[in-house]
file final_34.cif (mmCIF, C-alpha atoms)
data_target
loop_
_atom_site.group_PDB
_atom_site.id
_atom_site.type_symbol
_atom_site.label_atom_id
_atom_site.label_comp_id
_atom_site.auth_asym_id
_atom_site.auth_seq_id
_atom_site.Cartn_x
_atom_site.Cartn_y
_atom_site.Cartn_z
ATOM 1 C CA MET A 20 131.695 109.950 134.731
ATOM 2 C CA PRO A 21 131.334 113.702 135.349
ATOM 3 C CA LYS A 22 129.708 115.798 132.637
ATOM 4 C CA PRO A 23 131.858 118.288 130.722
ATOM 5 C CA VAL A 24 132.244 121.882 131.884
ATOM 6 C CA ARG A 25 132.069 124.794 129.473
ATOM 7 C CA ALA A 26 133.482 128.118 130.621
ATOM 8 C CA ASP A 27 134.895 131.414 129.474
ATOM 9 C CA ARG A 28 135.894 134.593 131.274
ATOM 10 C CA ARG A 29 132.235 135.541 131.811
ATOM 11 C CA GLU A 30 130.519 132.399 133.020
ATOM 12 C CA LEU A 31 130.490 128.707 133.810
ATOM 13 C CA ARG A 32 128.034 126.487 131.891
ATOM 14 C CA LEU A 33 126.763 123.064 132.951
ATOM 15 C CA ARG A 34 124.363 120.762 131.130
ATOM 16 C CA ASN A 35 122.434 117.714 132.376
ATOM 17 C CA VAL A 36 123.849 117.657 135.910
ATOM 18 C CA GLY A 37 120.681 116.610 137.721
ATOM 19 C CA GLY A 38 117.809 118.472 139.290
ATOM 20 C CA GLY A 39 117.335 120.850 142.168
ATOM 21 C CA ASN A 40 119.522 123.685 143.331
ATOM 22 C CA PRO A 41 122.251 122.054 145.433
ATOM 23 C CA THR A 42 125.327 123.868 146.694
ATOM 24 C CA VAL A 43 128.422 123.021 144.673
ATOM 25 C CA ASP A 44 132.151 123.678 145.011
ATOM 26 C CA VAL A 45 134.111 124.978 142.031
ATOM 27 C CA PHE A 46 137.760 123.919 141.756
ATOM 28 C CA PHE A 47 140.654 125.102 139.614
ATOM 29 C CA ASP A 48 143.336 122.386 139.370
ATOM 30 C CA GLU A 49 142.071 120.784 142.614
ATOM 31 C CA HIS A 50 141.939 124.095 144.510
ATOM 32 C CA ARG A 51 138.455 125.097 145.680
ATOM 33 C CA VAL A 52 137.840 128.742 144.855
ATOM 34 C CA TRP A 53 134.080 129.159 145.205
ATOM 35 C CA SER A 54 130.923 127.561 146.581
ATOM 36 C CA THR A 55 127.518 128.496 145.192
ATOM 37 C CA LYS A 56 124.022 127.156 144.614
ATOM 38 C CA LEU A 57 123.256 125.849 141.145
ATOM 39 C CA PRO A 58 120.742 128.059 139.333
ATOM 40 C CA ASP A 59 117.769 126.639 137.474
ATOM 41 C CA PRO A 60 118.366 125.434 133.898
ATOM 42 C CA VAL A 61 117.711 127.950 131.150
ATOM 43 C CA GLY A 62 115.053 127.133 128.548
ATOM 44 C CA ARG A 63 114.895 123.831 126.684
ATOM 45 C CA THR A 64 118.642 123.394 126.546
ATOM 46 C CA GLY A 65 118.906 122.465 130.217
ATOM 47 C CA VAL A 66 122.057 124.586 130.542
ATOM 48 C CA ARG A 67 122.808 126.163 133.896
ATOM 49 C CA ARG A 68 124.687 129.441 133.495
ATOM 50 C CA ILE A 69 126.683 130.753 136.451
ATOM 51 C CA ALA A 70 128.400 134.137 136.159
ATOM 52 C CA TRP A 71 131.832 134.309 137.777
ATOM 53 C CA PRO A 72 132.081 136.508 140.880
ATOM 54 C CA GLU A 73 133.674 139.847 140.107
ATOM 55 C CA ALA A 74 136.588 139.025 142.416
ATOM 56 C CA ILE A 75 137.529 135.902 140.425
ATOM 57 C CA ALA A 76 137.169 137.318 136.897
ATOM 58 C CA PRO A 77 140.566 139.144 136.784
ATOM 59 C CA TYR A 78 142.406 135.862 137.474
ATOM 60 C CA LEU A 79 140.879 133.961 134.550
ATOM 61 C CA GLN A 80 143.919 133.789 132.314
ATOM 62 C CA GLY A 81 145.645 130.612 131.134
ATOM 63 C CA ARG A 82 144.408 127.034 131.367
ATOM 64 C CA SER A 83 142.919 125.038 134.227
ATOM 65 C CA THR A 84 141.049 121.846 134.984
ATOM 66 C CA VAL A 85 137.726 123.241 136.147
ATOM 67 C CA ARG A 86 135.795 120.833 138.345
ATOM 68 C CA VAL A 87 132.342 121.159 139.932
ATOM 69 C CA ARG A 88 131.597 118.972 142.966
ATOM 70 C CA MET A 89 128.618 118.523 145.248
ATOM 71 C CA SER A 90 129.469 120.288 148.513
ATOM 72 C CA ALA A 91 127.643 117.779 150.696
ATOM 73 C CA THR A 92 129.030 114.581 149.137
ATOM 74 C CA SER A 93 132.176 115.599 147.164
ATOM 75 C CA GLU A 94 130.690 113.874 144.107
ATOM 76 C CA ASP A 95 132.072 115.220 140.826
ATOM 77 C CA LEU A 96 129.295 116.652 138.657
ATOM 78 C CA ALA A 97 131.352 118.091 135.810
ATOM 79 C CA ALA A 98 134.994 118.559 134.876
ATOM 80 C CA SER A 99 136.990 119.702 131.842
ATOM 81 C CA GLU A 100 140.263 121.324 130.880
ATOM 82 C CA VAL A 101 139.368 124.946 130.059
ATOM 83 C CA ASN A 102 141.445 127.482 128.135
ATOM 84 C CA PHE A 103 140.677 131.034 129.251
ATOM 85 C CA GLY A 104 143.345 132.494 126.964
ATOM 86 C CA GLY A 105 146.903 133.496 127.708
ATOM 87 C CA PRO A 106 149.909 131.472 128.893
ATOM 88 C CA GLY A 107 150.333 129.267 131.949
ATOM 89 C CA ARG A 108 147.845 127.898 134.475
ATOM 90 C CA VAL A 109 145.154 129.874 136.279
ATOM 91 C CA ALA A 110 146.495 130.838 139.729
ATOM 92 C CA ILE A 111 144.115 132.544 142.156
ATOM 93 C CA ILE A 112 146.741 133.257 144.797
ATOM 94 C CA ASP A 113 147.914 136.096 147.011
ATOM 95 C CA ALA A 114 151.402 137.613 147.335
ATOM 96 C CA GLN A 115 152.371 134.820 149.748
ATOM 97 C CA GLY A 116 151.413 132.137 147.232
ATOM 98 C CA ARG A 117 148.307 131.024 149.133
ATOM 99 C CA TRP A 118 145.308 129.912 147.103
ATOM 100 C CA LEU A 119 142.289 132.137 147.665
ATOM 101 C CA ALA A 120 138.574 131.408 147.705
ATOM 102 C CA ILE A 121 135.395 133.475 147.755
ATOM 103 C CA ASN A 122 134.357 133.895 151.391
ATOM 104 C CA LYS A 123 131.004 134.675 152.996
ATOM 105 C CA TRP A 124 131.524 138.385 152.307
ATOM 106 C CA ASN A 125 131.845 137.594 148.565
ATOM 107 C CA ARG A 126 135.509 138.571 148.645
ATOM 108 C CA LEU A 127 138.634 136.551 147.959
ATOM 109 C CA GLY A 128 140.591 135.419 150.994
ATOM 110 C CA PRO A 129 142.747 132.493 152.116
ATOM 111 C CA SER A 130 140.888 129.426 153.380
ATOM 112 C CA PHE A 131 142.146 126.521 155.466
ATOM 113 C CA ASP A 132 142.478 124.233 152.447
ATOM 114 C CA GLY A 133 144.681 126.780 150.674
ATOM 115 C CA ASP A 134 147.235 127.052 153.475
ATOM 116 C CA ASP A 135 149.955 124.668 154.663
ATOM 117 C CA SER A 136 151.525 126.958 157.274
ATOM 118 C CA GLY A 137 149.807 125.402 160.288
ATOM 119 C CA VAL A 138 147.221 128.151 160.597
ATOM 120 C CA GLN A 139 144.489 125.660 161.537
ATOM 121 C CA ASP A 140 146.348 124.581 164.658
ATOM 122 C CA ARG A 141 147.171 128.185 165.518
ATOM 123 C CA VAL A 142 143.591 129.401 165.190
ATOM 124 C CA ILE A 143 142.324 126.500 167.312
ATOM 125 C CA GLY A 144 144.853 127.363 170.005
ATOM 126 C CA ASP A 145 143.880 131.038 169.849
ATOM 127 C CA ALA A 146 140.205 130.071 169.998
ATOM 128 C CA ALA A 147 140.654 127.847 173.047
ATOM 129 C CA GLU A 148 142.426 130.640 174.920
ATOM 130 C CA LEU A 149 139.865 133.236 173.851
ATOM 131 C CA ALA A 150 136.901 131.037 174.784
ATOM 132 C CA SER A 151 138.406 130.384 178.211
ATOM 133 C CA ARG A 152 138.825 134.098 178.762
ATOM 134 C CA LEU A 153 135.258 134.873 177.652
ATOM 135 C CA GLU A 154 133.893 132.243 180.004
ATOM 136 C CA ARG A 155 135.861 133.698 182.928
ATOM 137 C CA TRP A 156 134.485 137.128 182.112
ATOM 138 C CA GLY A 157 130.939 135.799 182.295
ATOM 139 C CA TYR A 158 130.104 135.395 178.604
ATOM 140 C CA PRO A 159 128.724 131.855 178.043
ATOM 141 C CA VAL A 160 130.360 130.939 174.733
ATOM 142 C CA TYR A 161 129.599 128.210 172.202
ATOM 143 C CA MET A 162 130.603 127.260 168.670
ATOM 144 C CA VAL A 163 128.292 128.203 165.804
ATOM 145 C CA GLY A 164 128.352 128.354 162.002
ATOM 146 C CA GLY A 165 130.985 126.466 160.054
ATOM 147 C CA THR A 166 133.038 125.727 163.182
ATOM 148 C CA LEU A 167 130.138 123.890 164.784
ATOM 149 C CA LEU A 168 129.293 122.093 161.544
ATOM 150 C CA GLY A 169 132.864 120.858 161.106
ATOM 151 C CA ALA A 170 133.048 119.724 164.724
ATOM 152 C CA MET A 171 129.777 117.829 164.377
ATOM 153 C CA ARG A 172 130.724 116.202 161.057
ATOM 154 C CA SER A 173 134.315 115.173 161.666
ATOM 155 C CA GLY A 174 135.734 116.738 164.822
ATOM 156 C CA ASP A 175 137.752 119.062 162.593
ATOM 157 C CA LEU A 176 137.473 122.422 160.865
ATOM 158 C CA LEU A 177 135.722 122.601 157.507
ATOM 159 C CA SER A 178 138.503 122.627 154.935
ATOM 160 C CA HIS A 179 136.874 125.444 152.977
ATOM 161 C CA ASP A 180 136.207 127.616 156.027
ATOM 162 C CA ASP A 181 138.535 130.466 156.978
ATOM 163 C CA ASP A 182 137.858 131.313 160.620
ATOM 164 C CA ILE A 183 136.419 130.210 163.972
ATOM 165 C CA ASP A 184 132.803 131.135 164.747
ATOM 166 C CA PHE A 185 131.740 131.684 168.357
ATOM 167 C CA ALA A 186 128.580 133.105 169.876
ATOM 168 C CA PHE A 187 127.874 134.020 173.462
ATOM 169 C CA TRP A 188 124.510 134.054 175.160
ATOM 170 C CA CYS A 189 123.397 137.486 176.346
ATOM 171 C CA ASP A 190 120.722 137.772 179.037
ATOM 172 C CA LYS A 191 119.238 140.964 177.551
ATOM 173 C CA THR A 192 116.047 140.899 175.477
ATOM 174 C CA ASP A 193 116.145 144.333 173.828
ATOM 175 C CA PRO A 194 118.528 144.657 170.841
ATOM 176 C CA GLN A 195 119.769 148.030 172.121
ATOM 177 C CA ASP A 196 120.756 146.478 175.435
ATOM 178 C CA VAL A 197 122.423 143.579 173.602
ATOM 179 C CA ALA A 198 124.463 146.110 171.612
ATOM 180 C CA LEU A 199 125.617 147.772 174.844
ATOM 181 C CA VAL A 200 126.837 144.384 176.100
ATOM 182 C CA THR A 201 128.873 143.841 172.925
ATOM 183 C CA PHE A 202 130.444 147.282 173.299
ATOM 184 C CA ALA A 203 131.421 146.368 176.856
ATOM 185 C CA LEU A 204 132.923 143.105 175.572
ATOM 186 C CA GLU A 205 134.817 145.000 172.880
ATOM 187 C CA ARG A 206 136.386 147.230 175.537
ATOM 188 C CA GLU A 207 137.363 144.207 177.649
ATOM 189 C CA LEU A 208 138.975 142.493 174.676
ATOM 190 C CA ALA A 209 140.914 145.623 173.711
ATOM 191 C CA ALA A 210 142.112 146.086 177.297
ATOM 192 C CA ALA A 211 143.378 142.483 177.235
ATOM 193 C CA GLY A 212 145.475 143.267 174.151
ATOM 194 C CA TYR A 213 143.248 141.858 171.400
ATOM 195 C CA THR A 214 142.699 143.621 168.083
ATOM 196 C CA VAL A 215 138.941 143.861 167.534
ATOM 197 C CA VAL A 216 137.016 144.803 164.393
ATOM 198 C CA ARG A 217 133.323 145.602 164.836
ATOM 199 C CA HIS A 218 131.103 144.465 161.965
ATOM 200 C CA SER A 219 127.754 145.266 163.587
ATOM 201 C CA HIS A 220 126.099 145.795 166.975
ATOM 202 C CA ALA A 221 126.051 142.004 167.405
ATOM 203 C CA HIS A 222 129.209 140.866 165.581
ATOM 204 C CA LEU A 223 132.832 141.324 166.630
ATOM 205 C CA GLU A 224 135.912 139.952 164.891
ATOM 206 C CA VAL A 225 139.159 139.291 166.776
ATOM 207 C CA VAL A 226 142.200 139.447 164.486
ATOM 208 C CA PHE A 227 145.486 137.623 165.072
ATOM 209 C CA PHE A 228 148.736 138.556 163.323
ATOM 210 C CA THR A 229 151.898 136.850 162.070
ATOM 211 C CA PRO A 230 155.292 137.834 163.533
ATOM 212 C CA GLU A 231 155.814 139.905 160.373
ATOM 213 C CA GLY A 232 152.636 141.882 161.053
ATOM 214 C CA GLY A 233 150.361 140.313 158.440
ATOM 215 C CA THR A 234 146.935 138.895 159.211
ATOM 216 C CA ASP A 235 147.235 135.273 160.337
ATOM 217 C CA CYS A 236 143.686 134.302 161.340
ATOM 218 C CA TYR A 237 140.560 135.663 162.927
ATOM 219 C CA ILE A 238 137.701 134.609 165.186
ATOM 220 C CA ASP A 239 134.123 135.862 164.944
ATOM 221 C CA ILE A 240 132.057 136.468 168.084
ATOM 222 C CA PHE A 241 128.292 136.853 167.639
ATOM 223 C CA ALA A 242 125.804 137.839 170.313
ATOM 224 C CA GLY A 243 122.922 135.407 170.823
ATOM 225 C CA TYR A 244 119.892 136.337 172.878
ATOM 226 C CA HIS A 245 116.222 135.579 173.435
ATOM 227 C CA SER A 246 113.833 138.405 172.617
ATOM 228 C CA GLU A 247 110.594 139.109 174.480
ATOM 229 C CA ASP A 248 108.706 136.706 172.190
ATOM 230 C CA GLY A 249 110.923 133.842 173.398
ATOM 231 C CA LEU A 250 112.710 133.330 170.077
ATOM 232 C CA TYR A 251 116.459 132.899 169.849
ATOM 233 C CA ASN A 252 118.250 135.590 167.846
ATOM 234 C CA GLN A 253 121.799 135.559 166.522
ATOM 235 C CA PRO A 254 122.235 138.429 164.082
ATOM 236 C CA PHE A 255 122.881 138.282 161.253
ATOM 237 C CA ALA A 256 122.153 134.609 160.648
ATOM 238 C CA LEU A 257 119.554 133.061 162.943
ATOM 239 C CA ARG A 258 116.132 133.621 164.478
ATOM 240 C CA GLY A 259 113.847 130.842 165.639
ATOM 241 C CA GLU A 260 112.826 128.322 168.272
ATOM 242 C CA LEU A 261 115.745 127.404 170.520
ATOM 243 C CA PRO A 262 114.893 127.418 174.242
ATOM 244 C CA ARG A 263 117.435 128.769 176.704
ATOM 245 C CA ALA A 264 117.534 125.358 178.428
ATOM 246 C CA GLU A 265 118.967 123.870 175.211
ATOM 247 C CA LEU A 266 121.783 126.423 175.108
ATOM 248 C CA LEU A 267 122.845 126.537 178.740
ATOM 249 C CA PRO A 268 124.770 125.162 180.420
ATOM 250 C CA THR A 269 127.311 124.608 177.657
ATOM 251 C CA ARG A 270 129.490 121.486 177.482
ATOM 252 C CA PRO A 271 132.896 120.479 176.034
ATOM 253 C CA LEU A 272 133.348 119.512 172.361
ATOM 254 C CA GLU A 273 136.755 118.840 170.818
ATOM 255 C CA VAL A 274 138.056 120.124 167.499
ATOM 256 C CA ARG A 275 141.278 118.439 166.320
ATOM 257 C CA GLY A 276 141.615 117.014 169.803
ATOM 258 C CA VAL A 277 141.476 120.444 171.446
ATOM 259 C CA PRO A 278 138.456 121.178 173.628
ATOM 260 C CA LEU A 279 137.007 124.405 172.280
ATOM 261 C CA HIS A 280 135.499 123.743 175.566
ATOM 262 C CA TRP A 281 131.946 124.891 175.122
ATOM 263 C CA ARG A 282 128.934 123.928 173.080
ATOM 264 C CA PRO A 283 125.179 123.889 173.707
ATOM 265 C CA ARG A 284 123.400 120.805 174.980
ATOM 266 C CA ALA A 285 122.538 117.987 172.564
ATOM 267 C CA VAL A 286 119.192 119.308 171.296
ATOM 268 C CA GLY A 287 120.439 122.866 170.925
ATOM 269 C CA ILE A 288 123.590 121.872 169.088
ATOM 270 C CA THR A 289 121.507 119.942 166.551
ATOM 271 C CA ALA A 290 119.362 122.996 165.852
ATOM 272 C CA LEU A 291 122.384 125.278 165.461
ATOM 273 C CA ALA A 292 124.198 122.738 163.253
ATOM 274 C CA ARG A 293 121.115 122.361 161.038
ATOM 275 C CA ALA A 294 121.025 126.133 160.564
ATOM 276 C CA ALA A 295 124.770 126.183 159.819
ATOM 277 C CA ALA A 296 124.374 123.451 157.199
ATOM 278 C CA LEU A 297 121.987 125.677 155.234
ATOM 279 C CA ALA A 298 124.749 128.274 154.925
ATOM 280 C CA TYR A 299 127.865 126.082 154.674
ATOM 281 C CA ALA A 300 126.507 122.930 153.026
#

call {"tool": "encode", "arguments": {"input": "final_34.cif", "output": "structure tokens"}}
result
Amino acid sequence: MPKPVRADRRELRLRNVGGGNPTVDVFFDEHRVWSTKLPDPVGRTGVRRIAWPEAIAPYLQGRSTVRVRMSATSEDLAASEVNFGGPGRVAIIDAQGRWLAINKWNRLGPSFDGDDSGVQDRVIGDAAELASRLERWGYPVYMVGGTLLGAMRSGDLLSHDDDIDFAFWCDKTDPQDVALVTFALERELAAAGYTVVRHSHAHLEVVFFTPEGGTDCYIDIFAGYHSEDGLYNQPFALRGELPRAELLPTRPLEVRGVPLHWRPRAVGITALARAAALAYA
């Protein structure tokens, strides 16, 4: 049986839920809204206190069944009906009625498990077309991050993810030269009609829109390269041992039955998936 949850508008409190600092998912009425690492227990009481993210706090009105699950195994650690004050049920939703969750930027946004509009199939289709175009342009592309982890685990997208993550291998070794390559790619994408948001010198985001003009989905493109010391770099997330021969040539890997066409070779994909698991659990 899961342990009880105690919560108010400031924090979540758990007692006697095991050791370590695993990543957990927090649900409101069976809707995942946040994933976080458990902090250490406080003092002799063994209570773990977790402050709510600022983005969630304004929604904490009404009642909800608050449930904490292990991200890796979906095991329930704690669950209780919680009254935050006020009428109704807690609803962390947007104007379109989609449930929102804290994303990797620590902001609320829709995730795949909060949407029933078919966005997962649309983003996979968009990703397959985009990857094909990048490959034709000479950018060797492969899945990374949560997309790679979901493909490795189940051949599907992670339900609590919210985008597709690609990287391409760049043959430059100096970060300034890598940045110039990404600027060239940005110009090519814009000329092909894509809407591109630049997050850094090594991170582009391609945005796709609904017929009404709202944001439908997006795809991240990171630059990966080997620096002069031979280490693989993928700002902002990765740096370490991953030889070029384990990245190239890339090979097909299906997601939901659609070949997102390219992934690193077997050894390289394991290294990238291991790194992704640290971030996505």

call {"tool": "atom_distance", "arguments": {"input": "final_34.cif", "atom1": "atom CA of Gly39 of chain A", "atom2": "atom CA of Trp53 of chain A"}}
result
18.9 Å

call {"tool": "resolve_selection", "arguments": {"input": "final_34.cif", "expression": "the PyMOL selection byres ((chain A and resi 70) around 8)", "output": "number ranges by chain"}}
result
A: 29-31, 68-69, 71-72

call {"tool": "residues_around", "arguments": {"input": "final_34.cif", "residues": "Gly37 of chain A", "least_positions_apart": "2", "cutoff": "12 Å", "atoms": "all atoms listed in the file", "output": "list in words"}}
result
Pro21, Lys22, Leu33, Arg34, Asn35, Gly39, Asn40, Pro41, Leu57, Pro58, Asp59, Pro60, Gly65, Val66, Arg67, Met89, Asp95, Leu96 and Ala97 of chain A

call {"tool": "closest_atom_pairs", "arguments": {"input": "final_34.cif", "of": "segment 217-263 of chain A", "to": "segment 197-211 of chain A", "cutoff": "12 Å", "atoms": "all atoms listed in the file", "output": "CSV"}}
result
residue,atom,partner,partner_atom,distance
A:Arg217,CA,A:Glu205,CA,8.2
A:His218,CA,A:Thr201,CA,11.2
A:Ser219,CA,A:Ala198,CA,8.7
A:His220,CA,A:Ala198,CA,4.9
A:Ala221,CA,A:Ala198,CA,6.1
A:His222,CA,A:Thr201,CA,7.9
A:Leu223,CA,A:Glu205,CA,7.5
A:Glu224,CA,A:Glu205,CA,9.5
A:Val225,CA,A:Leu208,CA,8.5
A:Val226,CA,A:Leu208,CA,11.1
A:Ile240,CA,A:Thr201,CA,9.4
A:Phe241,CA,A:Thr201,CA,8.8
A:Ala242,CA,A:Thr201,CA,7.2
A:Gly243,CA,A:Val197,CA,8.6
A:Tyr244,CA,A:Val197,CA,7.7
A:His245,CA,A:Val197,CA,10.1
A:Ser246,CA,A:Val197,CA,10.1
A:Asn252,CA,A:Val197,CA,10.7
A:Gln253,CA,A:Val197,CA,10.7
A:Pro254,CA,A:Val197,CA,10.8

call {"tool": "resolve_selection", "arguments": {"input": "final_34.cif", "expression": "the PyMOL selection byres ((chain A and resi 177-189) around 7)", "output": "JSON, numbers by chain"}}
result
{"A": [129, 130, 131, 132, 158, 159, 160, 161, 162, 163, 164, 165, 166, 169, 175, 176, 190, 191, 197, 236, 237, 238, 239, 240, 241, 242, 243, 244]}

call {"tool": "write_last_selection", "arguments": {"input": "final_34.cif", "atoms": "C-alpha atoms", "output": "compact mmCIF listing (two decimals), in the coordinates of the input"}}
result
# COMPACT_ATOMS: atom_id res chain seq x y z
CA PRO A 129 142.75 132.49 152.12
CA SER A 130 140.89 129.43 153.38
CA PHE A 131 142.15 126.52 155.47
CA ASP A 132 142.48 124.23 152.45
CA TYR A 158 130.10 135.40 178.60
CA PRO A 159 128.72 131.85 178.04
CA VAL A 160 130.36 130.94 174.73
CA TYR A 161 129.60 128.21 172.20
CA MET A 162 130.60 127.26 168.67
CA VAL A 163 128.29 128.20 165.80
CA GLY A 164 128.35 128.35 162.00
CA GLY A 165 130.99 126.47 160.05
CA THR A 166 133.04 125.73 163.18
CA GLY A 169 132.86 120.86 161.11
CA ASP A 175 137.75 119.06 162.59
CA LEU A 176 137.47 122.42 160.86
CA ASP A 190 120.72 137.77 179.04
CA LYS A 191 119.24 140.96 177.55
CA VAL A 197 122.42 143.58 173.60
CA CYS A 236 143.69 134.30 161.34
CA TYR A 237 140.56 135.66 162.93
CA ILE A 238 137.70 134.61 165.19
CA ASP A 239 134.12 135.86 164.94
CA ILE A 240 132.06 136.47 168.08
CA PHE A 241 128.29 136.85 167.64
CA ALA A 242 125.80 137.84 170.31
CA GLY A 243 122.92 135.41 170.82
CA TYR A 244 119.89 136.34 172.88

call {"tool": "atom_distance", "arguments": {"input": "final_34.cif", "atom1": "atom CA of Val43 of chain A", "atom2": "atom CA of Gly174 of chain A"}}
result
22.3 Å

call {"tool": "closest_residue", "arguments": {"input": "final_34.cif", "among": "A:Leu127, A:Val85, A:Leu153, A:Ala256", "to": "Asp48 of chain A", "atoms": "all atoms listed in the file"}}
result
A:Val85

call {"tool": "closest_residue", "arguments": {"input": "final_34.cif", "among": "A:Thr229, A:Gly212, A:Leu279, A:Ala264", "to": "Val138 of chain A", "atoms": "only C-alpha atoms"}}
result
A:Thr229

call {"tool": "resolve_selection", "arguments": {"input": "final_34.cif", "expression": "the PyMOL selection byres ((chain A and resi 118) around 8)", "output": "list in words"}}
result
His50, Val52, Ala110, Ile111, Ile112, Asp113, Gly116, Arg117, Leu119, Ala120, Pro129, Ser130, Gly133 and Asp134 of chain A

call {"tool": "atom_distance", "arguments": {"input": "final_34.cif", "atom1": "atom CA of Leu266 of chain A", "atom2": "atom CA of Leu168 of chain A"}}
result
16.1 Å

call {"tool": "closest_residue", "arguments": {"input": "final_34.cif", "among": "A:Arg152, A:Ser90, A:Ser54, A:Leu267", "to": "Lys123 of chain A", "atoms": "all atoms listed in the file"}}
result
A:Ser54

call {"tool": "residues_around", "arguments": {"input": "final_34.cif", "residues": "Val277 of chain A", "least_positions_apart": "4", "cutoff": "8 Å", "atoms": "all atoms listed in the file", "output": "ChimeraX atom specification"}}
result
/A:143-144,147,273

call {"tool": "residues_around", "arguments": {"input": "final_34.cif", "residues": "segment 74-84 of chain A", "least_positions_apart": "5", "cutoff": "8 Å", "atoms": "only C-alpha atoms", "output": "list in words"}}
result
Arg28, Arg29, Phe46, Phe47, Asp48, Glu49, Ala98, Ser99, Glu100, Val101, Asn102, Phe103, Gly104, Gly105, Pro106, Gly107, Arg108, Val109, Ala110, Ile111, Ile121, Asn125, Arg126 and Leu127 of chain A

call {"tool": "write_last_selection", "arguments": {"input": "final_34.cif", "atoms": "C-alpha atoms", "output": "short mmCIF file (atom, residue, chain, number, x, y, z; two decimals), in the coordinates of the input"}}
result
data_model
loop_
_atom_site.label_atom_id
_atom_site.label_comp_id
_atom_site.auth_asym_id
_atom_site.auth_seq_id
_atom_site.Cartn_x
_atom_site.Cartn_y
_atom_site.Cartn_z
CA ARG A 28 135.89 134.59 131.27
CA ARG A 29 132.24 135.54 131.81
CA PHE A 46 137.76 123.92 141.76
CA PHE A 47 140.65 125.10 139.61
CA ASP A 48 143.34 122.39 139.37
CA GLU A 49 142.07 120.78 142.61
CA ALA A 98 134.99 118.56 134.88
CA SER A 99 136.99 119.70 131.84
CA GLU A 100 140.26 121.32 130.88
CA VAL A 101 139.37 124.95 130.06
CA ASN A 102 141.44 127.48 128.14
CA PHE A 103 140.68 131.03 129.25
CA GLY A 104 143.34 132.49 126.96
CA GLY A 105 146.90 133.50 127.71
CA PRO A 106 149.91 131.47 128.89
CA GLY A 107 150.33 129.27 131.95
CA ARG A 108 147.84 127.90 134.48
CA VAL A 109 145.15 129.87 136.28
CA ALA A 110 146.50 130.84 139.73
CA ILE A 111 144.12 132.54 142.16
CA ILE A 121 135.40 133.48 147.76
CA ASN A 125 131.84 137.59 148.56
CA ARG A 126 135.51 138.57 148.65
CA LEU A 127 138.63 136.55 147.96
#

call {"tool": "closest_residue", "arguments": {"input": "final_34.cif", "among": "A:Gly276, A:Thr55, A:Thr234, A:Leu291", "to": "Arg258 of chain A", "atoms": "all atoms listed in the file"}}
result
A:Leu291
